[in-house]
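Student: Contents of run-v5.cif (mmCIF, C-alpha atoms):
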data_structure
#
loop_
_atom_site.group_PDB
_atom_site.id
_atom_site.type_symbol
_atom_site.label_atom_id
_atom_site.label_comp_id
_atom_site.auth_asym_id
_atom_site.auth_seq_id
_atom_site.Cartn_x
_atom_site.Cartn_y
_atom_site.Cartn_z
ATOM 1 C CA MET K 1093 -51.949 -142.996 155.520
ATOM 2 C CA SER K 1094 -53.984 -144.358 152.632
ATOM 3 C CA ASP K 1095 -57.053 -146.425 153.448
ATOM 4 C CA ASP K 1096 -57.477 -148.877 150.603
ATOM 5 C CA GLU K 1097 -60.914 -149.997 151.822
ATOM 6 C CA GLY K 1098 -62.298 -146.486 152.051
ATOM 7 C CA GLY K 1099 -60.516 -145.242 148.952
ATOM 8 C CA GLY K 1100 -59.183 -142.132 150.682
ATOM 9 C CA SER K 1101 -56.609 -140.878 153.117
ATOM 10 C CA LEU K 1102 -56.596 -141.110 156.899
ATOM 11 C CA TYR K 1103 -55.040 -138.347 158.973
ATOM 12 C CA VAL K 1104 -53.552 -140.280 161.898
ATOM 13 C CA LEU K 1105 -54.108 -138.752 165.339
ATOM 14 C CA THR K 1106 -52.950 -141.506 167.669
ATOM 15 C CA ALA K 1107 -52.575 -145.247 167.990
ATOM 16 C CA VAL K 1108 -52.809 -147.876 170.714
ATOM 17 C CA LEU K 1109 -51.726 -151.477 171.035
ATOM 18 C CA MET K 1110 -54.198 -154.312 171.379
ATOM 19 C CA THR K 1111 -52.407 -157.470 172.495
ATOM 20 C CA PRO K 1112 -53.157 -160.053 175.202
ATOM 21 C CA ALA K 1113 -50.831 -158.142 177.553
ATOM 22 C CA GLN K 1114 -51.886 -154.606 176.668
ATOM 23 C CA PHE K 1115 -55.242 -153.473 175.306
ATOM 24 C CA PRO K 1116 -57.755 -150.676 176.041
ATOM 25 C CA SER K 1117 -59.775 -152.045 178.930
ATOM 26 C CA VAL K 1118 -62.840 -150.141 177.716
ATOM 27 C CA LEU K 1119 -63.133 -152.892 175.104
ATOM 28 C CA GLY K 1120 -63.514 -155.858 177.434
ATOM 29 C CA ASP K 1121 -62.452 -157.946 180.420
ATOM 30 C CA ASP K 1122 -59.966 -159.886 178.290
ATOM 31 C CA PHE K 1123 -58.290 -159.882 174.893
ATOM 32 C CA PRO K 1124 -60.781 -162.165 173.072
ATOM 33 C CA GLU K 1125 -63.677 -160.020 174.331
ATOM 34 C CA ALA K 1126 -61.936 -156.865 173.099
ATOM 35 C CA CYS K 1127 -61.357 -158.454 169.697
ATOM 36 C CA ALA K 1128 -64.980 -159.569 169.485
ATOM 37 C CA LEU K 1129 -66.146 -156.011 170.085
ATOM 38 C CA LEU K 1130 -64.124 -154.896 167.069
ATOM 39 C CA GLY K 1131 -65.124 -157.877 164.960
ATOM 40 C CA VAL K 1132 -61.630 -159.334 164.538
ATOM 41 C CA ALA K 1133 -60.170 -162.728 165.434
ATOM 42 C CA PRO K 1134 -58.112 -162.910 168.657
ATOM 43 C CA ALA K 1135 -54.779 -163.318 166.878
ATOM 44 C CA ARG K 1136 -52.013 -164.250 169.302
ATOM 45 C CA ALA K 1137 -49.696 -161.459 168.103
ATOM 46 C CA GLY K 1138 -52.440 -158.885 168.534
ATOM 47 C CA TYR K 1139 -53.112 -155.705 166.600
ATOM 48 C CA GLY K 1140 -52.493 -152.007 166.487
ATOM 49 C CA LEU K 1141 -55.423 -149.583 166.499
ATOM 50 C CA VAL K 1142 -54.845 -146.436 164.440
ATOM 51 C CA LEU K 1143 -57.300 -143.615 165.157
ATOM 52 C CA GLY K 1144 -57.726 -140.777 162.700
ATOM 53 C CA GLN K 1145 -59.985 -138.740 160.437
ATOM 54 C CA ASP K 1146 -60.690 -138.959 156.732
ATOM 55 C CA GLU K 1147 -60.658 -135.979 154.365
ATOM 56 C CA GLU K 1148 -64.202 -135.070 155.429
ATOM 57 C CA GLY K 1149 -63.338 -135.152 159.139
ATOM 58 C CA ALA K 1150 -65.093 -138.450 159.889
ATOM 59 C CA ARG K 1151 -63.726 -140.576 162.705
ATOM 60 C CA TRP K 1152 -62.204 -143.940 161.788
ATOM 61 C CA THR K 1153 -60.441 -146.709 163.668
ATOM 62 C CA VAL K 1154 -58.157 -148.820 161.500
ATOM 63 C CA VAL K 1155 -57.085 -152.213 162.828
ATOM 64 C CA VAL K 1156 -53.683 -153.327 161.528
ATOM 65 C CA ASP K 1157 -51.685 -156.486 162.187
ATOM 66 C CA ASP K 1158 -48.286 -154.761 162.049
ATOM 67 C CA VAL K 1159 -47.918 -154.550 165.817
ATOM 68 C CA SER K 1160 -44.202 -153.702 165.725
ATOM 69 C CA LEU K 1161 -44.791 -150.634 163.560
ATOM 70 C CA VAL K 1162 -47.491 -149.288 165.855
ATOM 71 C CA ALA K 1163 -45.347 -149.995 168.934
ATOM 72 C CA ALA K 1164 -42.444 -148.086 167.380
ATOM 73 C CA ALA K 1165 -44.689 -145.106 166.645
ATOM 74 C CA ILE K 1166 -46.086 -145.039 170.201
ATOM 75 C CA ALA K 1167 -42.573 -145.281 171.700
ATOM 76 C CA SER K 1168 -41.378 -142.388 169.525
ATOM 77 C CA TRP K 1169 -44.355 -140.192 170.412
ATOM 78 C CA ASP K 1170 -43.877 -140.949 174.114
ATOM 79 C CA CYS K 1171 -40.313 -139.644 173.774
ATOM 80 C CA GLY K 1172 -41.518 -136.447 172.083
ATOM 81 C CA MET K 1173 -40.217 -137.511 168.674
ATOM 82 C CA GLU K 1174 -42.072 -137.295 165.381
ATOM 83 C CA TYR K 1175 -43.065 -140.518 163.679
ATOM 84 C CA ASP K 1176 -44.986 -140.856 160.441
ATOM 85 C CA LEU K 1177 -47.268 -143.810 161.110
ATOM 86 C CA SER K 1178 -48.227 -145.119 157.663
ATOM 87 C CA PRO K 1179 -49.052 -148.834 157.801
ATOM 88 C CA ASP K 1180 -48.913 -150.760 154.558
ATOM 89 C CA GLU K 1181 -52.393 -151.265 153.113
ATOM 90 C CA ARG K 1182 -51.793 -155.015 153.193
ATOM 91 C CA THR K 1183 -51.637 -154.890 156.999
ATOM 92 C CA ILE K 1184 -55.144 -153.426 157.350
ATOM 93 C CA VAL K 1185 -57.476 -155.969 158.956
ATOM 94 C CA ALA K 1186 -60.542 -153.744 159.366
ATOM 95 C CA SER K 1187 -61.618 -150.117 159.036
ATOM 96 C CA LEU K 1188 -64.296 -149.273 161.585
ATOM 97 C CA ALA K 1189 -66.368 -146.118 161.839
ATOM 98 C CA GLY K 1190 -65.917 -144.058 165.010
ATOM 99 C CA TRP K 1191 -63.395 -144.120 167.854
ATOM 100 C CA PRO K 1192 -63.625 -146.373 170.917
ATOM 101 C CA LEU K 1193 -61.580 -143.851 172.928
ATOM 102 C CA ALA K 1194 -62.113 -140.169 173.630
ATOM 103 C CA LEU K 1195 -59.590 -137.917 171.881
ATOM 104 C CA SER K 1196 -59.020 -134.230 172.572
ATOM 105 C CA VAL K 1197 -57.075 -133.651 169.342
ATOM 106 C CA ALA K 1198 -58.176 -133.248 165.741
ATOM 107 C CA ALA K 1199 -56.511 -132.987 162.346
ATOM 108 C CA SER K 1200 -56.026 -129.436 161.127
ATOM 109 C CA GLY K 1201 -57.408 -128.155 157.850
ATOM 110 C CA ILE K 1202 -60.370 -130.534 157.659
ATOM 111 C CA PRO K 1203 -63.882 -130.494 159.184
ATOM 112 C CA GLU K 1204 -64.348 -131.131 162.908
ATOM 113 C CA PRO K 1205 -64.405 -134.779 164.035
ATOM 114 C CA HIS K 1206 -67.751 -136.448 163.499
ATOM 115 C CA ASP K 1207 -69.033 -139.969 163.016
ATOM 116 C CA PRO K 1208 -69.720 -141.163 159.485
ATOM 117 C CA GLU K 1209 -73.163 -142.489 158.720
ATOM 118 C CA GLN K 1210 -74.102 -145.821 160.258
ATOM 119 C CA GLY K 1211 -72.977 -148.606 157.969
ATOM 120 C CA ALA K 1212 -70.314 -146.507 156.263
ATOM 121 C CA ASP K 1213 -67.727 -149.118 157.195
ATOM 122 C CA GLY K 1214 -69.771 -151.945 155.676
ATOM 123 C CA THR K 1215 -70.588 -153.564 159.015
ATOM 124 C CA GLY K 1216 -74.014 -152.011 159.523
ATOM 125 C CA ARG K 1217 -73.028 -151.237 163.113
ATOM 126 C CA VAL K 1218 -73.387 -148.022 165.035
ATOM 127 C CA PRO K 1219 -69.990 -146.223 164.954
ATOM 128 C CA LEU K 1220 -67.618 -146.908 167.816
ATOM 129 C CA ALA K 1221 -67.848 -144.376 170.630
ATOM 130 C CA PRO K 1222 -66.088 -143.788 173.957
ATOM 131 C CA PRO K 1223 -67.990 -144.881 177.079
ATOM 132 C CA SER K 1224 -70.221 -142.504 178.978
ATOM 133 C CA ALA K 1225 -68.853 -140.944 182.146
ATOM 134 C CA GLU K 1226 -72.361 -140.621 183.564
ATOM 135 C CA ALA K 1227 -73.056 -144.317 184.033
ATOM 136 C CA TRP K 1228 -71.449 -147.098 186.059
ATOM 137 C CA GLY K 1229 -70.900 -150.563 184.692
ATOM 138 C CA PRO K 1230 -68.174 -152.977 183.584
ATOM 139 C CA VAL K 1231 -66.483 -150.411 181.338
ATOM 140 C CA GLN K 1232 -66.345 -147.706 183.996
ATOM 141 C CA ARG K 1233 -65.242 -150.246 186.591
ATOM 142 C CA ARG K 1234 -62.287 -151.292 184.415
ATOM 143 C CA MET K 1235 -61.429 -147.671 183.659
ATOM 144 C CA GLY K 1236 -61.437 -146.958 187.393
ATOM 145 C CA ALA K 1237 -58.946 -149.765 187.978
ATOM 146 C CA ASP K 1238 -56.739 -148.389 185.217
ATOM 147 C CA GLN K 1239 -56.812 -144.975 186.877
ATOM 148 C CA ILE K 1240 -55.715 -146.432 190.191
ATOM 149 C CA ALA K 1241 -52.798 -148.150 188.452
ATOM 150 C CA ARG K 1242 -51.732 -144.812 186.950
ATOM 151 C CA GLU K 1243 -52.122 -142.946 190.243
ATOM 152 C CA TRP K 1244 -50.803 -145.687 192.493
ATOM 153 C CA ALA K 1245 -48.859 -143.490 194.940
ATOM 154 C CA ASP K 1246 -51.921 -141.360 195.686
ATOM 155 C CA TRP K 1247 -54.212 -144.337 196.229
ATOM 156 C CA ARG K 1248 -51.607 -146.162 198.294
ATOM 157 C CA GLU K 1249 -51.274 -143.155 200.582
ATOM 158 C CA ARG K 1250 -55.048 -142.878 200.891
ATOM 159 C CA GLU K 1251 -55.318 -146.549 201.784
ATOM 160 C CA ALA K 1252 -52.612 -146.194 204.429
ATOM 161 C CA THR K 1253 -54.605 -143.354 205.990
ATOM 162 C CA ASP K 1254 -58.119 -144.769 205.726
ATOM 163 C CA GLY K 1255 -57.353 -148.450 206.128
ATOM 164 C CA GLY K 1256 -59.471 -151.230 204.661
ATOM 165 C CA ALA K 1257 -61.260 -152.706 207.632
ATOM 166 C CA ALA K 1258 -64.698 -151.793 206.308
ATOM 167 C CA ALA K 1259 -63.985 -153.526 203.014
ATOM 168 C CA ALA K 1260 -62.696 -156.710 204.584
ATOM 169 C CA ALA K 1261 -66.166 -158.122 205.251
ATOM 170 C CA HIS K 1262 -67.640 -157.172 201.865
ATOM 171 C CA PRO K 1263 -68.907 -160.348 200.158
ATOM 172 C CA GLY K 1264 -68.018 -158.953 196.744
ATOM 173 C CA LEU K 1265 -64.399 -158.531 197.791
ATOM 174 C CA ALA K 1266 -64.194 -162.127 198.965
ATOM 175 C CA ARG K 1267 -65.781 -163.326 195.719
ATOM 176 C CA ALA K 1268 -63.330 -161.350 193.579
ATOM 177 C CA LEU K 1269 -60.312 -162.694 195.465
ATOM 178 C CA GLU K 1270 -61.620 -166.255 195.249
ATOM 179 C CA GLU K 1271 -62.163 -165.965 191.513
ATOM 180 C CA ALA K 1272 -58.739 -164.380 191.052
ATOM 181 C CA ALA K 1273 -57.203 -167.279 192.962
ATOM 182 C CA GLY K 1274 -59.079 -169.617 190.637
ATOM 183 C CA TYR K 1275 -57.202 -168.109 187.702
ATOM 184 C CA THR K 1276 -53.946 -169.481 189.137
ATOM 185 C CA ARG K 1277 -55.402 -172.997 188.981
ATOM 186 C CA THR K 1278 -57.379 -172.780 185.753
ATOM 187 C CA PRO K 1279 -55.966 -170.233 183.288
ATOM 188 C CA PRO K 1280 -58.601 -167.696 182.162
ATOM 189 C CA PRO K 1281 -58.912 -166.244 178.634
ATOM 190 C CA PRO K 1282 -55.787 -164.379 177.437
ATOM 191 C CA GLY K 1283 -55.504 -160.882 178.862
ATOM 192 C CA ARG K 1284 -57.771 -161.507 181.840
ATOM 193 C CA VAL K 1285 -54.639 -161.083 184.020
ATOM 194 C CA ARG K 1286 -51.886 -158.679 182.944
ATOM 195 C CA SER K 1287 -48.575 -157.686 184.510
ATOM 196 C CA SER K 1288 -46.467 -154.616 183.764
ATOM 197 C CA PHE K 1289 -43.230 -153.145 185.120
ATOM 198 C CA ALA K 1290 -43.695 -150.837 188.109
ATOM 199 C CA GLY K 1291 -40.104 -150.074 189.128
ATOM 200 C CA GLU K 1292 -37.919 -151.212 192.037
ATOM 201 C CA GLY K 1293 -38.529 -154.859 191.247
ATOM 202 C CA ALA K 1294 -42.322 -154.590 191.578
ATOM 203 C CA ARG K 1295 -45.004 -155.392 189.023
ATOM 204 C CA THR K 1296 -48.406 -153.812 188.525
ATOM 205 C CA LEU K 1297 -51.151 -156.406 188.201
ATOM 206 C CA ARG K 1298 -54.515 -155.925 186.507
ATOM 207 C CA ALA K 1299 -57.107 -158.669 186.653
ATOM 208 C CA ASP K 1300 -60.756 -158.649 185.661
ATOM 209 C CA GLY K 1301 -63.638 -161.011 186.101
ATOM 210 C CA PRO K 1302 -67.437 -161.083 186.007
ATOM 211 C CA GLY K 1303 -68.405 -157.935 187.894
ATOM 212 C CA TRP K 1304 -64.996 -157.117 189.395
ATOM 213 C CA SER K 1305 -61.586 -155.617 188.673
ATOM 214 C CA LEU K 1306 -58.415 -155.925 190.710
ATOM 215 C CA VAL K 1307 -55.369 -153.656 190.595
ATOM 216 C CA ALA K 1308 -52.334 -154.394 192.740
ATOM 217 C CA ARG K 1309 -48.593 -154.254 193.062
ATOM 218 C CA THR K 1310 -46.579 -157.306 193.950
ATOM 219 C CA GLY K 1311 -45.227 -157.052 197.459
ATOM 220 C CA ASP K 1312 -47.621 -154.216 198.222
ATOM 221 C CA ALA K 1313 -51.352 -153.502 198.317
ATOM 222 C CA ALA K 1314 -54.394 -154.381 196.233
ATOM 223 C CA PHE K 1315 -57.686 -152.679 195.409
ATOM 224 C CA VAL K 1316 -60.929 -154.113 194.047
ATOM 225 C CA LEU K 1317 -63.772 -152.398 192.185
ATOM 226 C CA LEU K 1318 -67.198 -153.996 191.810
ATOM 227 C CA ASP K 1319 -70.106 -153.492 189.444
ATOM 228 C CA GLU K 1320 -72.396 -153.636 192.472
ATOM 229 C CA GLU K 1321 -70.624 -150.738 194.217
ATOM 230 C CA PRO K 1322 -70.689 -147.748 191.828
ATOM 231 C CA GLY K 1323 -67.613 -145.576 192.173
ATOM 232 C CA GLU K 1324 -66.357 -147.387 195.281
ATOM 233 C CA VAL K 1325 -62.787 -148.633 195.691
ATOM 234 C CA LEU K 1326 -62.294 -151.461 198.182
ATOM 235 C CA ALA K 1327 -58.812 -151.728 199.654
ATOM 236 C CA VAL K 1328 -57.690 -155.268 200.477
ATOM 237 C CA PRO K 1329 -56.320 -155.080 204.048
ATOM 238 C CA ARG K 1330 -53.182 -157.224 204.096
ATOM 239 C CA GLU K 1331 -53.355 -157.859 207.822
ATOM 240 C CA MET K 1332 -56.780 -159.430 207.297
ATOM 241 C CA ARG K 1333 -55.761 -161.251 204.117
ATOM 242 C CA PRO K 1334 -52.433 -162.930 204.936
ATOM 243 C CA GLU K 1335 -52.650 -164.929 201.698
ATOM 244 C CA LEU K 1336 -52.547 -161.767 199.562
ATOM 245 C CA PRO K 1337 -48.771 -161.670 198.843
ATOM 246 C CA GLU K 1338 -48.854 -165.304 197.756
ATOM 247 C CA LEU K 1339 -51.895 -164.687 195.564
ATOM 248 C CA LEU K 1340 -50.319 -161.658 193.887
ATOM 249 C CA GLY K 1341 -47.124 -163.591 193.237
ATOM 250 C CA ALA K 1342 -49.052 -166.465 191.673
ATOM 251 C CA LEU K 1343 -51.070 -164.110 189.483
ATOM 252 C CA ASP K 1344 -47.884 -162.387 188.337
ATOM 253 C CA ARG K 1345 -46.326 -165.691 187.313
ATOM 254 C CA MET K 1346 -49.232 -166.599 185.020
ATOM 255 C CA ALA K 1347 -50.070 -163.095 183.765
ATOM 256 C CA ALA K 1348 -49.607 -161.861 180.208
ATOM 257 C CA ARG K 1349 -46.652 -159.459 179.954
ATOM 258 C CA PRO K 1350 -45.726 -156.889 177.308
ATOM 259 C CA ALA K 1351 -43.046 -158.140 174.943
#
Turn the structure described in the file into structure tokens.

Tutor:
Amino acid sequence: MSDDEGGGSLYVLTAVLMTPAQFPSVLGDDFPEACALLGVAPARAGYGLVLGQDEEGARWTVVVDDVSLVAAAIASWDCGMEYDLSPDERTIVASLAGWPLALSVAASGIPEPHDPEQGADGTGRVPLAPPSAEAWGPVQRRMGADQIAREWADWREREATDGGAAAAAHPGLARALEEAAGYTRTPPPPGRVRSSFAGEGARTLRADGPGWSLVARTGDAAFVLLDEEPGEVLAVPREMRPELPELLGALDRMAARPA
């Protein structure tokens, strides 16, 4: 694709959606926070993030407002089909140095991926970079919740074996559930609660708040991760939280959903 701002070509490697219902959680607890990190307005329709390299191998993230085009490309790639993602230059909202996500691929025939010089994108900012795996904080906590959602069957089996009695009395767990319940009464910023299809009539829920992340399935279990408990996953024991099914149902009804 041609990058009109940079005056050169971008070799597209991948793309991701950034909408209130679906955005890389490494960027924030909600959609407006993710947009702020990238320096764009929280447009209701959202954006597509196109990650690639320029002719010198430098990493670039191009934000485009043609969400449908990016969604079509991702759907084609997921089906193993080729798709030439070439957004119109008029749809480019911002071109940002670096990648916010870790990629294991690179364009062939050009130098190895590297960050351009600071300020190369005109923002004066340090280039975007994926989060460190060595630390624990809000980003890693949200990534952990995403991993549980992807590996639900394994975590559900582990919870059935280990139980959640020890977690039941954790004050952080109670706080997270209380704040999540508050979302059903006072809507939080867009994207703070998201719902996606999980099969067999169930939905996967992802909710985030100050210092906590929740991942659950309607009619099933829930897990909470806390900033104050590095690497720990707290199972919510349903027998000790009889209000959980009702809470999950209420969160699902007000959650943002993919179009």

Student: Quick one, how far is CA of Leu1105 (chain K) from CA of Leu1195 (chain K)?

Tutor: 8.6 Å

Student: Name all residues at most 7 Å from Tyr1103 (chain K) (count all atoms listed in the file; drop same-chain ones fewer than 6 positions away) and give them as a PyMOL selection string.

Tutor: chain K and resi 1093+1144-1146+1199

Student: Compile the contact shell of region 1332-1343 of chain K as number ranges by chain: residues with an atom at most 9 Å away, counting all atoms listed in the file, same-chain residues fewer than 6 positions apart removed.

Tutor: K: 1257, 1260, 1269, 1272-1273, 1275-1276, 1285-1287, 1297, 1299, 1308-1314

Student: Find the residue from K:Pro1281, K:Pro1350, K:Cys1127, K:Glu1249 that sits nearest to Val1185 (chain K); use only C-alpha atoms when measuring.

Tutor: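 Closest candidate: K:Cys1127.
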
Student: Of the residues K:Gly1274, K:Gly1283, K:Gly1293, K:Gly1201, which is the one nearest to Gly1149 (chain K), using only C-alpha atoms?

Tutor: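 Answer, going by the shortest atom-to-atom distance: K:Gly1201.
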
Student: Name every residue that the PyMOL selection byres ((chain K and resi 1224) around 12) selects in this structure, writing the answer as a ChimeraX atom specification with chains first and numbers rising.

Tutor: /K:1118,1192-1194,1221-1223,1225-1233,1235

Student: Would you put the residues from that selection into a file with C-alpha atoms, as a short mmCIF file (atom, residue, chain, number, x, y, z; two decimals), in the coordinates of the input?

Tutor:
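Produced file result_15.cif, reproduced below:
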data_model
loop_
_atom_site.label_atom_id
_atom_site.label_comp_id
_atom_site.auth_asym_id
_atom_site.auth_seq_id
_atom_site.Cartn_x
_atom_site.Cartn_y
_atom_site.Cartn_z
CA VAL K 1118 -62.84 -150.14 177.72
CA PRO K 1192 -63.62 -146.37 170.92
CA LEU K 1193 -61.58 -143.85 172.93
CA ALA K 1194 -62.11 -140.17 173.63
CA ALA K 1221 -67.85 -144.38 170.63
CA PRO K 1222 -66.09 -143.79 173.96
CA PRO K 1223 -67.99 -144.88 177.08
CA ALA K 1225 -68.85 -140.94 182.15
CA GLU K 1226 -72.36 -140.62 183.56
CA ALA K 1227 -73.06 -144.32 184.03
CA TRP K 1228 -71.45 -147.10 186.06
CA GLY K 1229 -70.90 -150.56 184.69
CA PRO K 1230 -68.17 -152.98 183.58
CA VAL K 1231 -66.48 -150.41 181.34
CA GLN K 1232 -66.34 -147.71 184.00
CA ARG K 1233 -65.24 -150.25 186.59
CA MET K 1235 -61.43 -147.67 183.66
#

Student: Please indicate the distance in Å from CA of Ala1241 (chain K) to CA of Ala1128 (chain K), rounded to one decimal place.

Tutor: 25.3 Å

Student: Translate the PyMOL selection byres ((chain K and resi 1327) around 7) into a concrete residue list for this structure, as JSON, numbers by chain.

Tutor: {"K": [1251, 1256, 1259, 1314, 1315, 1316, 1325, 1326, 1328, 1329]}

Student: Ala1135 (chain K): which residues within 10 Å, counting only C-alpha atoms, same-chain residues fewer than 6 positions away excluded, as a compact mmCIF listing (two decimals) with C-alpha atoms, in the coordinates of the input?

Tutor:
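out-v3.txt was written with the following content:
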# COMPACT_ATOMS: atom_id res chain seq x y z
CA THR K 1111 -52.41 -157.47 172.50
CA PRO K 1112 -53.16 -160.05 175.20
CA PHE K 1123 -58.29 -159.88 174.89
CA PRO K 1124 -60.78 -162.16 173.07
CA CYS K 1127 -61.36 -158.45 169.70
CA ASP K 1157 -51.68 -156.49 162.19

Student: Of the residues K:Glu1181, K:Asp1213, K:Asp1121, K:Glu1292, which is the one nearest to Leu1306 (chain K), using all atoms listed in the file?

Tutor: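 Closest to Leu1306 (chain K) of all the choices is K:Asp1121.
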
Student: Using CA of Ala1261 (chain K) and CA of Glu1321 (chain K) as the two end points, give the distance in Å to one decimal.

Tutor: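 Calculated distance between CA of Ala1261 (chain K) and CA of Glu1321 (chain K) is 14.0 Å.
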
Student: I need the residue nearest Asp1170 (chain K) from this list: K:Ala1245, K:Pro1205, K:Val1132, K:Thr1106. Use all atoms listed in the file for the distance.

Tutor: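 Of the candidates, the smallest distance to Asp1170 (chain K) is held by K:Thr1106.
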
Student: For Asp1344 (chain K), which of K:Ala1113, K:Leu1143, K:Leu1220, K:Glu1271 is the closest residue, counting all atoms listed in the file?

Tutor: K:Ala1113

Student: Please determine, counting all atoms listed in the file, which residue among K:Val1142, K:Arg1182, K:Gln1239, K:Met1346 has the shortest atom-to-atom distance to Ala1165 (chain K).

Tutor: K:Val1142

Student: Could you name the residues that touch Ala1163 (chain K) at 10 Å or less, counting only C-alpha atoms, but leaving out those on the same chain fewer than 3 positions away, as JSON, numbers by chain?

Tutor: {"K": [1107, 1108, 1109, 1139, 1140, 1158, 1159, 1160, 1166, 1167, 1168, 1169]}

Student: Apply the PyMOL selection byres ((chain K and resi 1186) around 10) to the structure shown and report the selected residues as a ChimeraX atom specification.

Tutor: /K:1097,1130-1132,1141,1153-1157,1183-1185,1187-1189,1213

Student: Please provide the set of residues having any atom within 7 Å of Asp1207 (chain K), restricted to all atoms listed in the file, with same-chain residues fewer than 3 positions apart removed, written as a count of residues only.

Tutor: 5
